[in-house]
file final-v2.tsv (TSV, C-alpha atoms)
chain	number	residue	atom	x	y	z
Y	1	MET	CA	20.43	168.16	137.69
Y	2	LEU	CA	18.19	169.38	134.92
Y	3	GLU	CA	16.56	166.46	133.10
Y	4	ILE	CA	15.50	166.85	129.48
Y	5	GLY	CA	13.55	164.08	127.79
Y	6	LEU	CA	14.48	163.81	124.10
Y	7	THR	CA	12.47	161.78	121.62
Y	8	GLY	CA	11.47	161.49	117.99
Y	9	GLY	CA	10.50	158.89	115.45
Y	10	ILE	CA	12.88	156.59	113.61
Y	11	GLY	CA	15.02	158.58	111.20
Y	12	SER	CA	14.12	161.89	112.83
Y	13	GLY	CA	17.65	162.87	113.81
Y	14	LYS	CA	17.22	162.71	117.59
Y	15	SER	CA	20.62	161.06	118.04
Y	16	THR	CA	22.24	163.88	116.06
Y	17	ALA	CA	20.53	166.34	118.39
Y	18	ALA	CA	21.67	164.37	121.44
Y	19	ALA	CA	25.27	164.34	120.21
Y	20	SER	CA	25.15	168.09	119.68
Y	21	PHE	CA	23.82	168.67	123.19
Y	22	VAL	CA	26.65	166.54	124.58
Y	23	ALA	CA	29.17	168.59	122.58
Y	24	HIS	CA	27.76	171.67	124.30
Y	25	GLY	CA	28.29	170.14	127.72
Y	26	ALA	CA	25.26	167.97	128.50
Y	27	ALA	CA	25.41	164.45	129.90
Y	28	LEU	CA	23.57	161.73	127.97
Y	29	ILE	CA	21.56	158.72	129.07
Y	30	ASP	CA	20.68	156.81	125.90
Y	31	ALA	CA	17.82	154.32	126.28
Y	32	ASP	CA	18.77	152.52	123.06
Y	33	GLN	CA	22.34	152.07	124.30
Y	34	ILE	CA	21.00	150.72	127.58
Y	35	VAL	CA	18.93	148.20	125.62
Y	36	ARG	CA	22.02	147.14	123.66
Y	37	ASP	CA	24.00	146.80	126.89
Y	38	LEU	CA	21.28	144.64	128.46
Y	39	GLN	CA	21.06	142.47	125.35
Y	40	GLN	CA	24.68	141.36	125.52
Y	41	PRO	CA	25.29	137.62	126.02
Y	42	GLY	CA	25.14	136.71	129.68
Y	43	GLU	CA	22.84	139.57	130.63
Y	44	LYS	CA	19.41	138.74	132.06
Y	45	VAL	CA	17.50	140.37	129.20
Y	46	PHE	CA	19.54	138.43	126.63
Y	47	GLU	CA	18.88	135.14	128.42
Y	48	GLU	CA	15.14	135.81	128.69
Y	49	MET	CA	14.93	136.66	125.00
Y	50	LEU	CA	16.88	133.53	124.09
Y	51	SER	CA	14.54	131.45	126.24
Y	52	LYS	CA	11.50	133.02	124.53
Y	53	TRP	CA	12.58	132.84	120.86
Y	54	GLY	CA	15.46	130.41	120.71
Y	55	LYS	CA	18.66	130.47	118.69
Y	56	ASP	CA	16.95	131.91	115.61
Y	57	ILE	CA	17.55	135.36	117.11
Y	58	LEU	CA	21.31	134.86	117.34
Y	59	ALA	CA	23.95	135.95	114.86
Y	60	PRO	CA	26.71	133.46	113.92
Y	61	ASP	CA	29.02	135.01	116.55
Y	62	GLY	CA	26.50	134.37	119.33
Y	63	GLN	CA	25.47	137.98	119.65
Y	64	LEU	CA	21.84	139.04	119.39
Y	65	ASP	CA	20.69	139.53	115.80
Y	66	ARG	CA	18.59	142.68	116.25
Y	67	GLN	CA	17.17	142.47	112.73
Y	68	ALA	CA	15.99	138.92	113.37
Y	69	VAL	CA	14.23	140.11	116.51
Y	70	ALA	CA	12.69	143.01	114.59
Y	71	ASN	CA	11.41	140.63	111.91
Y	72	ILE	CA	9.59	138.66	114.61
Y	73	VAL	CA	8.10	141.44	116.71
Y	74	PHE	CA	7.25	144.22	114.28
Y	75	SER	CA	4.76	142.06	112.40
Y	76	ASN	CA	3.11	140.56	115.47
Y	77	PRO	CA	1.61	142.69	118.29
Y	78	GLU	CA	1.68	139.78	120.74
Y	79	GLU	CA	5.36	139.14	120.13
Y	80	LEU	CA	6.10	142.86	120.48
Y	81	ALA	CA	4.25	142.90	123.81
Y	82	SER	CA	6.35	139.95	124.97
Y	83	LEU	CA	9.55	141.76	124.02
Y	84	ASN	CA	8.44	144.92	125.81
Y	85	ALA	CA	7.60	142.93	128.95
Y	86	ILE	CA	11.16	141.62	129.00
Y	87	VAL	CA	13.02	144.78	128.06
Y	88	HIS	CA	11.15	147.77	129.51
Y	89	PRO	CA	11.33	146.95	133.26
Y	90	ALA	CA	15.05	146.24	132.99
Y	91	VAL	CA	15.66	149.47	131.08
Y	92	ARG	CA	13.73	151.50	133.67
Y	93	GLU	CA	15.80	149.98	136.47
Y	94	GLU	CA	19.09	150.65	134.70
Y	95	MET	CA	18.05	154.17	133.74
Y	96	THR	CA	17.18	154.95	137.35
Y	97	GLY	CA	20.65	153.87	138.43
Y	98	ARG	CA	22.33	156.05	135.82
Y	99	ARG	CA	20.16	159.07	136.72
Y	100	LYS	CA	21.16	158.74	140.37
Y	101	ALA	CA	24.79	159.35	139.39
Y	102	TYR	CA	23.87	162.93	138.42
Y	103	LEU	CA	21.39	163.64	141.20
Y	104	ASN	CA	23.55	165.93	143.32
Y	105	THR	CA	25.08	167.81	140.40
Y	106	ASP	CA	24.08	170.85	138.37
Y	107	ASP	CA	24.48	168.93	135.11
Y	108	THR	CA	22.05	169.07	132.23
Y	109	VAL	CA	21.13	165.45	131.56
Y	110	ILE	CA	19.61	164.47	128.21
Y	111	LEU	CA	17.57	161.28	128.35
Y	112	GLU	CA	17.26	160.08	124.76
Y	113	ILE	CA	14.23	157.78	124.75
Y	114	PRO	CA	12.71	156.71	121.41
Y	115	LEU	CA	9.63	155.24	123.13
Y	116	LEU	CA	9.12	158.14	125.52
Y	117	VAL	CA	5.44	158.56	124.65
Y	118	GLU	CA	4.67	154.84	124.68
Y	119	SER	CA	6.50	154.25	127.96
Y	120	GLY	CA	4.50	156.79	129.92
Y	121	TYR	CA	7.60	158.80	130.85
Y	122	ARG	CA	6.59	162.42	131.45
Y	123	ASN	CA	8.03	163.93	134.63
Y	124	PHE	CA	11.05	165.64	133.06
Y	125	ASP	CA	12.01	169.25	133.55
Y	126	ALA	CA	11.23	169.58	129.84
Y	127	ILE	CA	10.53	167.39	126.82
Y	128	VAL	CA	12.13	168.03	123.42
Y	129	VAL	CA	10.79	166.35	120.29
Y	130	VAL	CA	12.65	166.10	116.99
Y	131	ASP	CA	9.97	166.09	114.31
Y	132	ILE	CA	10.22	164.97	110.69
Y	133	ASN	CA	7.60	164.27	108.07
Y	134	THR	CA	7.08	160.67	107.05
Y	135	GLU	CA	8.28	160.90	103.46
Y	136	THR	CA	11.52	162.60	104.46
Y	137	ALA	CA	12.11	160.01	107.19
Y	138	VAL	CA	11.57	157.14	104.72
Y	139	GLU	CA	13.89	158.72	102.18
Y	140	ARG	CA	16.68	159.16	104.74
Y	141	LEU	CA	16.29	155.65	106.19
Y	142	VAL	CA	16.59	154.15	102.70
Y	143	LYS	CA	19.48	156.39	101.62
Y	144	HIS	CA	21.57	156.55	104.77
Y	145	ARG	CA	20.67	153.45	106.78
Y	146	SER	CA	20.07	150.91	103.99
Y	147	PHE	CA	16.45	150.21	104.93
Y	148	GLU	CA	14.09	148.69	102.40
Y	149	GLU	CA	11.32	151.22	101.78
Y	150	GLU	CA	8.59	148.82	102.90
Y	151	ASP	CA	10.45	148.06	106.13
Y	152	ALA	CA	10.96	151.77	106.83
Y	153	ARG	CA	7.27	152.50	106.33
Y	154	ASN	CA	6.25	149.55	108.51
Y	155	ARG	CA	8.53	150.72	111.31
Y	156	ILE	CA	7.05	154.21	111.17
Y	157	LYS	CA	3.49	152.85	111.16
Y	158	LYS	CA	4.19	150.87	114.33
Y	159	GLN	CA	5.23	154.02	116.18
Y	160	VAL	CA	2.99	156.60	117.78
Y	161	SER	CA	1.95	159.47	115.55
Y	162	ARG	CA	3.89	162.68	115.14
Y	163	GLU	CA	0.94	164.45	116.72
Y	164	ALA	CA	1.16	162.29	119.85
Y	165	ARG	CA	4.80	163.29	120.29
Y	166	THR	CA	4.46	166.99	119.59
Y	167	GLU	CA	1.40	167.20	121.86
Y	168	ILE	CA	3.57	166.52	124.92
Y	169	ALA	CA	6.57	168.56	123.74
Y	170	ASP	CA	7.81	171.68	125.45
Y	171	TYR	CA	10.05	172.32	122.45
Y	172	VAL	CA	9.93	170.92	118.89
Y	173	ILE	CA	12.99	170.81	116.63
Y	174	GLU	CA	12.01	170.53	112.97
Y	175	ASN	CA	14.25	168.42	110.72
Y	176	ASN	CA	12.71	168.55	107.28
Y	177	THR	CA	15.33	170.52	105.34
Y	178	SER	CA	19.14	170.55	105.33
Y	179	ILE	CA	21.63	169.44	107.96
Y	180	GLY	CA	22.83	173.03	108.24
Y	181	VAL	CA	19.37	174.29	109.12
Y	182	PHE	CA	18.89	171.36	111.50
Y	183	GLU	CA	22.12	172.19	113.35
Y	184	LYS	CA	20.99	175.79	113.80
Y	185	GLU	CA	17.63	174.61	115.17
Y	186	ILE	CA	19.41	172.28	117.60
Y	187	TYR	CA	21.53	175.17	118.88
Y	188	LYS	CA	18.42	177.32	119.35
Y	189	CYS	CA	16.97	174.51	121.42
Y	190	TRP	CA	20.17	174.31	123.49
Y	191	GLU	CA	19.90	178.02	124.23
Y	192	TRP	CA	16.30	177.47	125.30
Y	193	ILE	CA	17.31	174.58	127.56
Y	194	ASN	CA	19.83	176.87	129.25
Y	195	SER	CA	17.06	179.39	129.94
Y	196	ILE	CA	15.06	176.87	132.02
Y	197	GLU	CA	15.08	177.47	135.76
Y	198	ARG	CA	17.26	174.78	137.25
Y	199	PRO	CA	16.06	172.58	140.12
Y	200	GLU	CA	17.76	172.82	143.48
Y	201	ILE	CA	20.70	170.49	143.95
Y	202	GLY	CA	19.80	167.67	146.30
Y	203	ARG	CA	16.17	167.22	145.33
Y	204	ALA	CA	14.75	163.70	145.46
Y	205	LEU	CA	15.03	161.70	142.25
Y	206	PRO	CA	11.74	162.31	140.39
Y	207	SER	CA	9.80	159.32	139.12
Y	208	LEU	CA	9.51	159.65	135.36
Y	209	ILE	CA	6.52	157.32	135.15
Y	210	VAL	CA	3.12	158.97	135.29
Y	211	LYS	CA	1.18	156.01	133.87
Y	212	GLN	CA	1.71	152.30	133.40

call {"tool": "encode", "arguments": {"input": "final-v2.tsv", "output": "structure tokens"}}
result
Amino acid sequence: MLEIGLTGGIGSGKSTAAASFVAHGAALIDADQIVRDLQQPGEKVFEEMLSKWGKDILAPDGQLDRQAVANIVFSNPEELASLNAIVHPAVREEMTGRRKAYLNTDDTVILEIPLLVESGYRNFDAIVVVDINTETAVERLVKHRSFEEEDARNRIKKQVSREARTEIADYVIENNTSIGVFEKEIYKCWEWINSIERPEIGRALPSLIVKQ
């Protein structure tokens, strides 16, 4: 398998890029979806979060209220560290299991990981970053995802800088203009991905962690 790490800041359009790659034949491992799966009632991560913060983080139907969690952790570094200590090890374990399913194939596997830089994941066959300027990201989050402007700016401030992402990128997709231009840039990236020399089938599963 050929493993491509895909990341970008909130509102960058990385999920649109991931969906396009899948439409062209790639397999997708979505870290955010893994988090949502692990935060379902009855799962270990859900139970640990409930034990830590109590029923204030639950919606009326008993599901996790992700906005309530965000309100707690994004304004408090200690609370955010506590959340990461619960979630990240479980996500790494689940991601490893899903990667193993593709190990002896010739598939192109896209690993969409919003916190790729922060997590220390590096050992991909290539890293693709979707980049967007801050003002455009804020505008789109407010217009298309119903964020309050202050919340959008706070979320972006809590993330690593654009420079930190692009510094580790093998390929950068710019998303600062129209959707039509963005789609063309995604396709150019897909063509580039297909030009990468593919690893031999049967190699050992690489560890993606190069730092803790």

call {"tool": "residues_around", "arguments": {"input": "final-v2.tsv", "residues": "region 184-201 of chain Y", "least_positions_apart": "3", "cutoff": "6 Å", "atoms": "all atoms listed in the file", "output": "mmCIF file with C-alpha atoms, in the frame of the given file"}}
result
data_model
loop_
_atom_site.group_PDB
_atom_site.id
_atom_site.type_symbol
_atom_site.label_atom_id
_atom_site.label_comp_id
_atom_site.auth_asym_id
_atom_site.auth_seq_id
_atom_site.Cartn_x
_atom_site.Cartn_y
_atom_site.Cartn_z
ATOM 1 C CA LEU Y 2 18.190 169.380 134.920
ATOM 2 C CA ASN Y 104 23.550 165.930 143.320
ATOM 3 C CA VAL Y 181 19.370 174.290 109.120
#

call {"tool": "closest_residue", "arguments": {"input": "final-v2.tsv", "among": "Y:Ala31, Y:Val109, Y:Ala70, Y:Ala18", "to": "Lys158 (chain Y)", "atoms": "all atoms listed in the file"}}
result
Y:Ala70

call {"tool": "closest_residue", "arguments": {"input": "final-v2.tsv", "among": "Y:Pro206, Y:Ser161, Y:Ile110, Y:Leu80", "to": "Lys14 (chain Y)", "atoms": "only C-alpha atoms"}}
result
Y:Ile110

call {"tool": "axis_aligned_box", "arguments": {"input": "final-v2.tsv", "around": "region 107-116 of chain Y", "padding_each_side": "3 Å", "output": "AutoDock Vina command-line options"}}
result
--center_x 16.8 --center_y 162.2 --center_z 128.3 --size_x 21.4 --size_y 19.8 --size_z 19.7

call {"tool": "closest_residue", "arguments": {"input": "final-v2.tsv", "among": "Y:Arg36, Y:Val87, Y:Ser75, Y:Leu28", "to": "Asn154 (chain Y)", "atoms": "only C-alpha atoms"}}
result
Y:Ser75

call {"tool": "atom_distance", "arguments": {"input": "final-v2.tsv", "atom1": "CA of Thr105 (chain Y)", "atom2": "CA of Gly8 (chain Y)"}}
result
27.0 Å
